[in-house]
>>> print(open('upload.csv').read())   # CSV, C-alpha atoms
chain,number,residue,atom,x,y,z
A,15,MET,CA,80.4,94.8,138.4
A,16,LYS,CA,83.8,93.8,137.2
A,17,ARG,CA,83.1,95.6,134.0
A,18,PHE,CA,82.0,98.7,135.8
A,19,ALA,CA,85.1,98.6,138.0
A,20,PHE,CA,87.2,98.2,134.9
A,21,ALA,CA,85.5,101.0,133.1
A,22,ALA,CA,85.7,103.3,136.1
A,23,ALA,CA,89.4,102.5,136.4
A,24,LEU,CA,90.0,103.3,132.8
A,25,ALA,CA,88.2,106.6,133.2
A,26,MET,CA,90.2,107.5,136.2
A,27,LEU,CA,93.5,106.5,134.6
A,28,ALA,CA,92.9,109.1,132.0
A,29,ALA,CA,95.3,111.8,133.3
A,30,PRO,CA,93.4,115.0,133.9
A,31,ALA,CA,95.2,118.1,132.7
A,32,PHE,CA,95.6,120.9,135.2
A,33,ALA,CA,97.2,124.3,135.3
A,34,ASP,CA,100.8,124.0,136.3
A,35,ASP,CA,100.9,125.4,139.8
A,36,PRO,CA,98.4,124.3,142.5
A,37,LEU,CA,96.7,127.4,143.9
A,38,VAL,CA,96.4,127.8,147.7
A,39,LEU,CA,93.7,129.5,149.6
A,40,SER,CA,93.9,129.9,153.3
A,41,ILE,CA,91.2,130.4,155.9
A,42,LYS,CA,92.2,132.5,158.9
A,43,ASP,CA,90.0,134.3,161.4
A,44,HIS,CA,87.1,133.1,159.3
A,45,ARG,CA,88.3,135.0,156.2
A,46,PHE,CA,89.8,133.7,152.9
A,47,GLN,CA,93.3,134.8,152.1
A,48,PRO,CA,93.6,135.9,149.4
A,49,ASP,CA,89.9,136.7,148.9
A,50,ARG,CA,90.5,137.1,145.1
A,51,LEU,CA,92.2,134.5,143.0
A,52,GLU,CA,93.0,134.8,139.3
A,53,ILE,CA,93.1,131.6,137.2
A,54,PRO,CA,93.4,131.0,133.5
A,55,ALA,CA,90.1,130.6,131.7
A,56,ASP,CA,89.3,127.3,130.0
A,57,THR,CA,91.8,125.4,132.2
A,58,LYS,CA,91.2,123.0,135.0
A,59,VAL,CA,92.7,124.2,138.2
A,60,LYS,CA,93.6,122.3,141.4
A,61,LEU,CA,92.9,124.5,144.4
A,62,THR,CA,94.2,123.7,147.9
A,63,VAL,CA,92.1,125.2,150.7
A,64,ARG,CA,93.9,125.3,154.1
A,65,ASN,CA,91.9,126.0,157.2
A,66,LEU,CA,94.2,127.7,159.8
A,67,ASP,CA,91.4,128.3,162.2
A,68,SER,CA,90.4,126.1,165.2
A,69,THR,CA,86.9,125.6,163.9
A,70,ALA,CA,85.7,123.8,160.7
A,71,GLU,CA,84.7,125.7,157.6
A,72,GLU,CA,82.9,124.8,154.4
A,73,PHE,CA,84.2,126.0,151.1
A,74,GLU,CA,81.1,126.6,149.1
A,75,SER,CA,80.3,128.1,145.7
A,76,TYR,CA,77.1,127.9,143.7
A,77,ASP,CA,78.9,129.5,140.8
A,78,LEU,CA,81.6,126.8,140.8
A,79,ASN,CA,79.2,124.0,141.9
A,80,ARG,CA,81.5,123.0,144.8
A,81,GLU,CA,80.8,122.4,148.4
A,82,LYS,CA,83.3,120.7,150.8
A,83,VAL,CA,84.0,120.8,154.5
A,84,VAL,CA,87.5,121.7,155.7
A,85,ALA,CA,88.1,120.5,159.2
A,86,ALA,CA,90.0,122.7,161.6
A,87,GLY,CA,93.7,122.7,161.0
A,88,SER,CA,93.5,120.7,157.8
A,89,GLU,CA,93.3,121.1,154.1
A,90,ILE,CA,91.3,119.9,151.1
A,91,THR,CA,91.7,119.8,147.4
A,92,VAL,CA,89.0,121.3,145.2
A,93,PHE,CA,89.0,120.8,141.4
A,94,ILE,CA,87.7,123.8,139.4
A,95,GLY,CA,86.8,124.3,135.8
A,96,PRO,CA,87.6,124.6,133.0
A,97,LEU,CA,85.8,127.9,133.4
A,98,ALA,CA,84.8,130.5,130.9
A,99,ALA,CA,86.2,134.0,131.6
A,100,GLY,CA,84.3,135.7,134.4
A,101,ASN,CA,83.9,136.1,138.1
A,102,TYR,CA,82.9,133.2,140.3
A,103,LYS,CA,82.0,133.9,144.0
A,104,PHE,CA,82.8,131.5,146.8
A,105,PHE,CA,82.2,131.7,150.6
A,106,GLY,CA,82.6,129.9,153.8
A,107,ASP,CA,79.2,128.5,154.7
A,108,PHE,CA,79.8,128.5,158.4
A,109,HIS,CA,80.9,132.1,158.5
A,110,GLN,CA,79.2,133.8,155.6
A,111,ASP,CA,79.5,137.3,157.2
A,112,THR,CA,83.2,137.3,156.8
A,113,ALA,CA,84.4,134.4,154.6
A,114,GLN,CA,83.8,135.7,151.1
A,115,GLY,CA,85.9,135.6,148.0
A,116,VAL,CA,85.9,135.5,144.2
A,117,ILE,CA,87.8,133.6,141.6
A,118,VAL,CA,88.4,135.5,138.4
A,119,ALA,CA,89.0,133.5,135.3
A,120,ARG,CA,90.7,135.3,132.5
B,2,MET,CA,92.8,113.9,146.8
B,3,PRO,CA,91.8,110.3,146.0
B,4,THR,CA,94.3,108.3,144.0
B,5,LEU,CA,93.2,105.4,141.8
B,6,ASN,CA,93.9,103.0,144.6
B,7,ALA,CA,91.9,105.0,147.0
B,8,ALA,CA,89.0,105.1,144.6
B,9,LEU,CA,89.1,101.4,144.0
B,10,THR,CA,89.4,100.8,147.8
B,11,ARG,CA,86.2,102.8,148.2
B,12,GLY,CA,84.6,100.7,145.5
B,13,VAL,CA,85.4,97.5,147.3
B,14,ALA,CA,84.1,99.1,150.6
B,15,ALA,CA,80.9,99.9,148.7
B,16,LEU,CA,80.5,96.3,147.6
B,17,LEU,CA,81.0,95.1,151.2
B,18,LEU,CA,78.4,97.5,152.4
B,19,LEU,CA,75.9,95.7,150.2
B,20,ALA,CA,76.4,92.5,152.1
B,21,PRO,CA,73.4,90.2,151.7
B,22,CYS,CA,71.6,93.9,149.0
B,23,HIS,CA,66.2,97.5,144.9
B,24,PRO,CA,66.4,101.1,144.9
B,25,ALA,CA,63.3,102.3,146.4
B,26,TRP,CA,62.0,102.9,142.9
B,27,ALA,CA,58.9,103.6,144.7
B,28,ASP,CA,60.5,106.9,145.6
B,29,PHE,CA,61.6,108.4,142.3
B,30,LYS,CA,64.9,109.9,143.0
B,31,VAL,CA,68.2,110.3,141.2
B,32,PHE,CA,71.1,109.8,143.5
B,33,SER,CA,74.2,112.0,143.3
B,34,PRO,CA,77.7,110.5,143.6
B,35,LEU,CA,78.8,113.3,145.9
B,36,VAL,CA,78.7,113.1,149.6
B,37,GLU,CA,78.9,116.0,152.1
B,38,GLN,CA,80.8,115.2,155.2
B,39,GLY,CA,79.2,116.2,158.5
B,40,GLU,CA,75.8,117.0,157.0
B,41,PHE,CA,72.6,115.7,158.6
B,42,GLU,CA,69.6,115.4,156.4
B,43,TYR,CA,65.9,114.6,156.9
B,44,GLU,CA,64.3,113.8,153.6
B,45,HIS,CA,60.8,113.2,152.5
B,46,ASN,CA,60.0,111.7,149.1
B,47,GLY,CA,56.5,111.2,147.6
B,48,ASP,CA,54.9,110.2,144.4
B,49,VAL,CA,51.4,109.5,143.2
B,50,THR,CA,50.4,107.9,139.9
B,51,PHE,CA,47.3,108.8,137.7
B,52,ASP,CA,45.7,106.5,135.2
B,53,ARG,CA,42.3,105.4,134.1
B,54,ASN,CA,43.3,101.8,134.7
B,55,PRO,CA,42.7,101.2,138.4
B,56,TYR,CA,45.6,98.8,138.5
B,57,LYS,CA,48.1,101.5,137.4
B,58,GLY,CA,46.6,104.7,138.9
B,59,ASN,CA,46.5,105.9,142.5
B,60,GLU,CA,49.7,104.1,143.4
B,61,LYS,CA,51.3,106.1,146.2
B,62,SER,CA,54.7,106.0,147.9
B,63,PHE,CA,56.0,108.1,150.7
B,64,THR,CA,59.4,107.7,152.3
B,65,ASN,CA,61.0,109.5,155.2
B,66,GLU,CA,64.7,109.3,155.6
B,67,LEU,CA,67.5,110.3,157.9
B,68,ALA,CA,71.0,110.6,156.5
B,69,TYR,CA,74.4,111.6,157.7
B,70,GLY,CA,77.8,112.1,155.9
B,71,PHE,CA,80.1,110.2,158.2
B,72,THR,CA,83.1,110.8,156.0
B,73,SER,CA,84.0,112.7,152.9
B,74,TRP,CA,83.1,109.6,150.9
B,75,TRP,CA,80.4,107.7,152.7
B,76,GLU,CA,76.8,108.7,153.5
B,77,PRO,CA,74.3,106.1,154.8
B,78,GLU,CA,70.5,106.8,154.9
B,79,LEU,CA,67.9,105.0,156.9
B,80,GLU,CA,64.5,105.1,155.2
B,81,LEU,CA,61.0,104.1,156.2
B,82,GLU,CA,58.7,103.5,153.2
B,83,THR,CA,54.9,103.5,153.1
B,84,ASP,CA,53.0,102.4,150.0
B,85,HIS,CA,49.6,102.3,148.5
B,86,GLN,CA,49.4,99.7,145.7
B,87,PRO,CA,47.5,100.5,142.6
B,88,ALA,CA,44.5,98.2,143.0
B,89,PRO,CA,40.9,98.6,144.2
B,90,GLY,CA,40.6,97.9,148.0
B,91,GLU,CA,44.3,98.6,148.8
B,92,HIS,CA,45.3,101.0,151.6
B,93,MET,CA,48.4,102.7,152.8
B,94,ARG,CA,50.9,100.3,154.6
B,95,PHE,CA,54.3,100.5,156.0
B,96,THR,CA,56.2,98.3,153.6
B,97,GLN,CA,59.9,98.5,154.0
B,98,LEU,CA,62.8,99.7,156.2
B,99,THR,CA,65.8,100.4,154.0
B,100,LEU,CA,69.5,101.2,154.6
B,101,GLU,CA,70.9,103.1,151.7
B,102,ASN,CA,74.6,103.8,151.2
B,103,THR,CA,76.2,106.3,148.8
B,104,VAL,CA,79.9,106.0,148.3
B,105,GLN,CA,81.8,108.8,146.6
B,106,LEU,CA,84.6,107.3,144.5
B,107,THR,CA,86.2,110.4,143.0
B,108,GLU,CA,86.6,114.0,143.8
B,109,ALA,CA,84.2,116.4,142.2
B,110,GLY,CA,85.7,117.7,138.9
B,111,GLU,CA,88.9,115.7,139.1
B,112,TYR,CA,88.1,113.4,136.1
B,113,TRP,CA,85.9,113.7,133.1
B,114,ALA,CA,83.0,112.6,135.2
B,115,ASN,CA,82.2,112.2,138.9
B,116,PHE,CA,81.8,108.5,140.0
B,117,GLY,CA,80.0,107.0,142.9
B,118,PHE,CA,78.4,103.7,144.0
B,119,PHE,CA,75.0,103.1,145.5
B,120,GLY,CA,74.0,100.1,147.6
B,121,GLU,CA,70.9,99.4,149.7
B,122,TYR,CA,69.2,96.7,151.6
B,123,GLY,CA,65.5,96.9,152.1
B,124,GLN,CA,63.9,94.8,154.9
B,125,SER,CA,60.3,94.1,154.1
B,126,LEU,CA,57.7,94.9,156.8
B,127,ARG,CA,55.2,92.6,155.2
B,128,HIS,CA,55.2,88.8,155.2
B,129,ASP,CA,54.1,88.6,151.6
B,130,GLN,CA,56.7,91.0,150.2
B,131,ALA,CA,60.3,90.1,149.6
B,132,ASN,CA,63.3,91.8,151.0
B,133,GLU,CA,65.3,93.6,148.4
B,134,THR,CA,68.8,94.8,147.5
B,135,THR,CA,69.8,97.4,145.0
B,136,PHE,CA,73.2,98.4,143.8
B,137,GLY,CA,75.1,100.0,141.0
B,138,PRO,CA,77.2,102.9,139.7
B,139,ILE,CA,76.4,106.6,139.8
B,140,ILE,CA,77.9,108.7,137.1
B,141,GLN,CA,77.7,112.5,136.9
B,142,LYS,CA,79.0,114.9,134.2
B,143,GLU,CA,79.3,118.6,134.7
B,144,TRP,CA,79.0,120.5,131.4
B,145,GLY,CA,79.0,124.3,131.7
B,146,GLN,CA,76.1,125.3,133.8
B,147,THR,CA,74.4,121.9,133.4
B,148,VAL,CA,74.8,118.7,135.4
B,149,HIS,CA,73.8,115.3,134.1
B,150,THR,CA,73.5,112.2,136.3
B,151,LEU,CA,73.0,108.5,135.5
B,152,ASN,CA,72.0,105.8,138.0
B,153,LEU,CA,72.4,102.3,136.6
B,154,PHE,CA,71.1,99.9,139.2
B,155,LEU,CA,70.4,96.2,139.6
B,156,GLU,CA,67.7,95.1,142.0
B,157,LYS,CA,67.3,91.6,143.5
B,158,GLU,CA,64.6,90.2,145.7
B,159,LEU,CA,65.8,88.3,148.7
B,160,GLY,CA,64.2,86.0,151.4
B,161,SER,CA,61.5,83.5,151.4
B,162,ALA,CA,58.9,85.7,149.8
B,163,GLN,CA,61.1,86.4,146.7
B,164,ASP,CA,59.8,85.7,143.2
B,165,PRO,CA,62.3,83.1,142.0
B,166,GLY,CA,61.7,84.2,138.4
B,167,ALA,CA,62.5,87.8,139.1
B,168,GLY,CA,66.2,87.5,138.9
B,169,TYR,CA,68.2,90.7,138.7
B,170,GLN,CA,66.1,93.6,137.5
B,171,VAL,CA,67.6,96.6,135.8
B,172,HIS,CA,66.6,100.1,136.8
B,173,TYR,CA,68.0,103.3,135.4
B,174,ALA,CA,67.4,106.9,136.1
B,175,TRP,CA,68.7,110.0,134.3
B,176,GLN,CA,68.6,113.6,135.4
B,177,SER,CA,69.7,116.7,133.6
B,178,LYS,CA,69.4,120.1,135.2
B,179,TRP,CA,70.3,123.6,134.3
B,180,ARG,CA,72.0,125.5,137.2
B,181,LEU,CA,70.0,128.7,136.5
B,182,SER,CA,69.9,130.0,140.0
B,183,GLU,CA,70.3,128.4,143.4
B,184,SER,CA,66.6,128.7,144.3
B,185,PHE,CA,65.3,127.5,140.9
B,186,GLU,CA,66.9,125.0,138.5
B,187,PRO,CA,64.8,123.5,135.7
B,188,GLY,CA,65.6,120.1,134.4
B,189,PHE,CA,64.1,116.7,133.4
B,190,GLU,CA,64.3,113.2,134.5
B,191,VAL,CA,63.9,109.7,133.0
B,192,TYR,CA,63.1,106.5,135.0
B,193,GLY,CA,63.2,103.1,133.3
B,194,ALA,CA,62.8,99.5,134.4
B,195,PRO,CA,63.3,97.3,131.3
B,196,GLY,CA,63.1,94.0,133.2
B,197,ARG,CA,65.5,91.2,134.0
B,198,ILE,CA,69.1,91.8,133.1
B,199,ASP,CA,69.2,88.6,130.9
B,200,ARG,CA,65.7,89.0,129.4
B,201,PHE,CA,64.3,92.5,128.9
B,202,SER,CA,60.5,92.8,128.7
B,203,GLY,CA,58.9,94.0,125.4
B,204,PHE,CA,59.2,97.7,125.2
B,205,GLN,CA,55.5,98.4,125.8
B,206,ASP,CA,55.7,96.2,128.9
B,207,GLN,CA,58.6,98.1,130.4
B,208,GLU,CA,58.2,100.9,132.9
B,209,LEU,CA,59.4,104.1,131.4
B,210,ARG,CA,58.5,107.6,132.4
B,211,ALA,CA,60.0,111.0,131.8
B,212,GLY,CA,59.2,114.7,132.4
B,213,PRO,CA,60.2,118.1,133.7
B,214,VAL,CA,61.4,118.6,137.3
B,215,VAL,CA,62.4,121.8,139.1
B,216,TYR,CA,65.0,121.9,141.8
B,217,GLY,CA,66.1,124.5,144.3
B,218,LEU,CA,67.6,125.5,147.6
B,219,ILE,CA,66.1,127.8,150.2
B,220,ARG,CA,68.7,129.1,152.7
B,221,SER,CA,66.8,131.6,154.8
B,222,LEU,CA,65.3,129.2,157.2
B,223,GLY,CA,67.4,130.0,160.2
B,224,LEU,CA,68.4,126.5,161.2
B,225,GLY,CA,69.5,124.6,158.2
B,226,GLU,CA,68.5,124.7,154.5
B,227,LEU,CA,65.7,123.3,152.5
B,228,ARG,CA,66.2,121.6,149.1
B,229,TYR,CA,63.1,120.9,147.0
B,230,GLN,CA,62.4,118.9,143.9
B,231,VAL,CA,59.0,118.7,142.2
B,232,GLY,CA,58.3,116.9,138.9
B,233,TYR,CA,55.6,115.7,136.5
B,234,LEU,CA,56.5,112.4,134.7
B,235,THR,CA,54.6,111.1,131.7
B,236,GLY,CA,54.3,107.4,131.1
B,237,LEU,CA,55.8,106.4,127.8
B,238,THR,CA,54.8,102.8,127.6
B,239,ASN,CA,51.6,100.7,128.2
B,240,GLY,CA,53.2,99.3,131.3
B,241,THR,CA,53.5,102.7,132.9
B,242,ALA,CA,50.9,104.8,134.6
B,243,ALA,CA,49.8,107.7,132.4
B,244,SER,CA,51.4,110.3,134.7
B,245,THR,CA,53.2,110.6,138.0
B,246,ILE,CA,53.7,113.5,140.2
B,247,ARG,CA,56.8,113.3,142.4
B,248,TRP,CA,58.3,115.5,145.1
B,249,GLN,CA,61.2,115.6,147.4
B,250,PHE,CA,62.0,117.9,150.4
B,251,GLU,CA,65.3,117.7,152.1
B,252,TRP,CA,66.1,119.6,155.2
B,253,GLU,CA,69.9,119.8,155.7
B,254,MET,CA,71.8,120.9,158.8
B,255,ARG,CA,75.3,120.6,160.2
B,256,LEU,CA,75.9,118.7,163.4
>>> encode(input="upload.csv", output="structure tokens")
Amino acid sequence: MKRFAFAAALAMLAAPAFADDPLVLSIKDHRFQPDRLEIPADTKVKLTVRNLDSTAEEFESYDLNREKVVAAGSEITVFIGPLAAGNYKFFGDFHQDTAQGVIVAR
Amino acid sequence: MPTLNAALTRGVAALLLLAPCHPAWADFKVFSPLVEQGEFEYEHNGDVTFDRNPYKGNEKSFTNELAYGFTSWWEPELELETDHQPAPGEHMRFTQLTLENTVQLTEAGEYWANFGFFGEYGQSLRHDQANETTFGPIIQKEWGQTVHTLNLFLEKELGSAQDPGAGYQVHYAWQSKWRLSESFEPGFEVYGAPGRIDRFSGFQDQELRAGPVVYGLIRSLGLGELRYQVGYLTGLTNGTAASTIRWQFEWEMRL
């Protein structure tokens, strides 16, 4: 177990490389703002998702293989990529009729 | 975002959860290191073996589980297991009540792989069967549209019915799947049990099976979502039944 902990610690110490500026995505009135984000292709991106609504939402994307709840009035961090150039849809699982967006990697 | 300290703290918490702590290898399943907060799950797992040898074929295991993601990093599951042992004259029995814990150690995609820890305690419902504990790391690597997951677990019998010679048994499971579409993802799995950690069995005496599995999610159910997994595993050693069919149905909903 100690060996595993050590190996895991080493792996986590390896500093991940991200795009310079963290991207921010807000949720207000059950909509993503902006609903289209451009990111560099082939680069890992750190995305902050802020929920400004009074109800919880779930940031979900099959294209990005991400699914994470954002409690009301809080924020989460989502790590994305590196992605090949293309369009990647995401949505709010609790309000799919309005909460839709796309990440464009180029 | 978890820092290294936070991840190590979760690791310690995972060890504490083990307390006194065998994956239900009866239920062939590859555990993910990722936890979904606020998600309630009912899960059914089943498997049946086929072999001309009556002591390897017709082994059946069915589990029914309730799980809930209490936090963004901890999901316990309570499982009731029924088994049919592979021998003439055996019948289905309730065999074990198990508390499983998955602890997510790192954020998805933050490091070169996603790390988690699994620990369970199984309380036997039969006097002649030992209690069990199983624990170990879960490692998952995303690579393009594929996801690869390794479970590397140790299992230890506990209680008065334990086999003193069993020691710590190694179990591993591997899953690779291609994220083709949400409702249909092809992949394959490998399940191995080489024996005691300090004395592996001869290769042909080990349990080793592998084969194709399909996975998918069906959303249009109204209340909740249904995840399915169905696979056909071929025995690769003399110690393994010739074939095993396994399935898993997971009904998920938000509370």
>>> closest_atom_pairs(input="upload.csv", of="chain B", to="chain A", cutoff="6 Å", atoms="all atoms listed in the file", output="tab-separated table")
residue	atom	partner	partner_atom	distance
B:Gly110	CA	A:Phe93	CA	5.2
B:Glu111	CA	A:Phe93	CA	5.6
B:Tyr112	CA	A:Pro30	CA	6.0
>>> write_last_selection(input="upload.csv", atoms="C-alpha atoms", output="PDB file, in the coordinates of the input")
ATOM      1  CA  GLY B 110      85.700 117.700 138.900  1.00  0.00           C
ATOM      2  CA  GLU B 111      88.900 115.700 139.100  1.00  0.00           C
ATOM      3  CA  TYR B 112      88.100 113.400 136.100  1.00  0.00           C
TER       4      TYR B 112
END
>>> residues_around(input="upload.csv", residues="Tyr216 of chain B", least_positions_apart="5", cutoff="9 Å", atoms="all atoms listed in the file", output="list of chain:residue names")
B:Lys178, B:Glu183, B:Ser184, B:Phe185, B:Glu186, B:Pro187, B:Gly188, B:Arg228, B:Tyr229, B:Gln230, B:Val231, B:Gly232
>>> atom_distance(input="upload.csv", atom1="atom CA of Tyr122 of chain B", atom2="atom CA of Phe29 of chain B")
16.8 Å
>>> residues_around(input="upload.csv", residues="Ile140 of chain B", least_positions_apart="6", cutoff="8 Å", atoms="only C-alpha atoms", output="mmCIF file with C-alpha atoms, in the frame of the given file")
data_model
loop_
_atom_site.group_PDB
_atom_site.id
_atom_site.type_symbol
_atom_site.label_atom_id
_atom_site.label_comp_id
_atom_site.auth_asym_id
_atom_site.auth_seq_id
_atom_site.Cartn_x
_atom_site.Cartn_y
_atom_site.Cartn_z
ATOM 1 C CA SER B 33 74.200 112.000 143.300
ATOM 2 C CA PRO B 34 77.700 110.500 143.600
ATOM 3 C CA ALA B 114 83.000 112.600 135.200
ATOM 4 C CA ASN B 115 82.200 112.200 138.900
ATOM 5 C CA PHE B 116 81.800 108.500 140.000
ATOM 6 C CA GLY B 117 80.000 107.000 142.900
ATOM 7 C CA THR B 150 73.500 112.200 136.300
ATOM 8 C CA LEU B 151 73.000 108.500 135.500
ATOM 9 C CA ASN B 152 72.000 105.800 138.000
#
>>> atom_distance(input="upload.csv", atom1="atom CA of Tyr56 of chain B", atom2="atom CA of Ser244 of chain B")
13.4 Å
>>> residues_near_point(input="upload.csv", point="(65.4, 128.2, 151.6)", cutoff="12 Å", atoms="all atoms listed in the file", output="list in words")
Glu183, Ser184, Phe185, Tyr216, Gly217, Leu218, Ile219, Arg220, Ser221, Leu222, Gly223, Leu224, Gly225, Glu226, Leu227, Arg228, Tyr229, Phe250, Glu251, Trp252 and Glu253 of chain B
>>> residues_around(input="upload.csv", residues="Ile198 of chain B", least_positions_apart="2", cutoff="7 Å", atoms="all atoms listed in the file", output="mmCIF file with C-alpha atoms, in the frame of the given file")
data_model
loop_
_atom_site.group_PDB
_atom_site.id
_atom_site.type_symbol
_atom_site.label_atom_id
_atom_site.label_comp_id
_atom_site.auth_asym_id
_atom_site.auth_seq_id
_atom_site.Cartn_x
_atom_site.Cartn_y
_atom_site.Cartn_z
ATOM 1 C CA TYR B 169 68.200 90.700 138.700
ATOM 2 C CA GLN B 170 66.100 93.600 137.500
ATOM 3 C CA VAL B 171 67.600 96.600 135.800
ATOM 4 C CA GLY B 196 63.100 94.000 133.200
ATOM 5 C CA ARG B 200 65.700 89.000 129.400
ATOM 6 C CA PHE B 201 64.300 92.500 128.900
#
>>> residues_around(input="upload.csv", residues="His172 of chain B", least_positions_apart="6", cutoff="12 Å", atoms="all atoms listed in the file", output="NGL selection string")
:B and (23-27 or 29-31 or 135-138 or 151-157 or 191-198 or 201 or 207-210)
>>> write_last_selection(input="upload.csv", atoms="C-alpha atoms", output="short mmCIF file (atom, residue, chain, number, x, y, z; two decimals), in the frame of the given file")
data_model
loop_
_atom_site.label_atom_id
_atom_site.label_comp_id
_atom_site.auth_asym_id
_atom_site.auth_seq_id
_atom_site.Cartn_x
_atom_site.Cartn_y
_atom_site.Cartn_z
CA HIS B 23 66.20 97.50 144.90
CA PRO B 24 66.40 101.10 144.90
CA ALA B 25 63.30 102.30 146.40
CA TRP B 26 62.00 102.90 142.90
CA ALA B 27 58.90 103.60 144.70
CA PHE B 29 61.60 108.40 142.30
CA LYS B 30 64.90 109.90 143.00
CA VAL B 31 68.20 110.30 141.20
CA THR B 135 69.80 97.40 145.00
CA PHE B 136 73.20 98.40 143.80
CA GLY B 137 75.10 100.00 141.00
CA PRO B 138 77.20 102.90 139.70
CA LEU B 151 73.00 108.50 135.50
CA ASN B 152 72.00 105.80 138.00
CA LEU B 153 72.40 102.30 136.60
CA PHE B 154 71.10 99.90 139.20
CA LEU B 155 70.40 96.20 139.60
CA GLU B 156 67.70 95.10 142.00
CA LYS B 157 67.30 91.60 143.50
CA VAL B 191 63.90 109.70 133.00
CA TYR B 192 63.10 106.50 135.00
CA GLY B 193 63.20 103.10 133.30
CA ALA B 194 62.80 99.50 134.40
CA PRO B 195 63.30 97.30 131.30
CA GLY B 196 63.10 94.00 133.20
CA ARG B 197 65.50 91.20 134.00
CA ILE B 198 69.10 91.80 133.10
CA PHE B 201 64.30 92.50 128.90
CA GLN B 207 58.60 98.10 130.40
CA GLU B 208 58.20 100.90 132.90
CA LEU B 209 59.40 104.10 131.40
CA ARG B 210 58.50 107.60 132.40
#
>>> residues_around(input="upload.csv", residues="Leu66 of chain A", least_positions_apart="5", cutoff="9 Å", atoms="all atoms listed in the file", output="list in words")
Ser40, Ile41, Lys42, Asp43, His44, Ala86, Gly87, Ser88 and Glu89 of chain A
>>> atom_distance(input="upload.csv", atom1="atom CA of Ile53 of chain A", atom2="atom CA of Gly39 of chain B")
29.7 Å
>>> closest_residue(input="upload.csv", among="B:Glu121, B:Asp28, B:Glu37, B:Glu158", to="Glu74 of chain A", atoms="all atoms listed in the file")
B:Glu37
>>> closest_residue(input="upload.csv", among="A:Ala119, A:Ala55, A:Ser75, A:Pro48", to="Phe105 of chain A", atoms="all atoms listed in the file")
A:Ser75
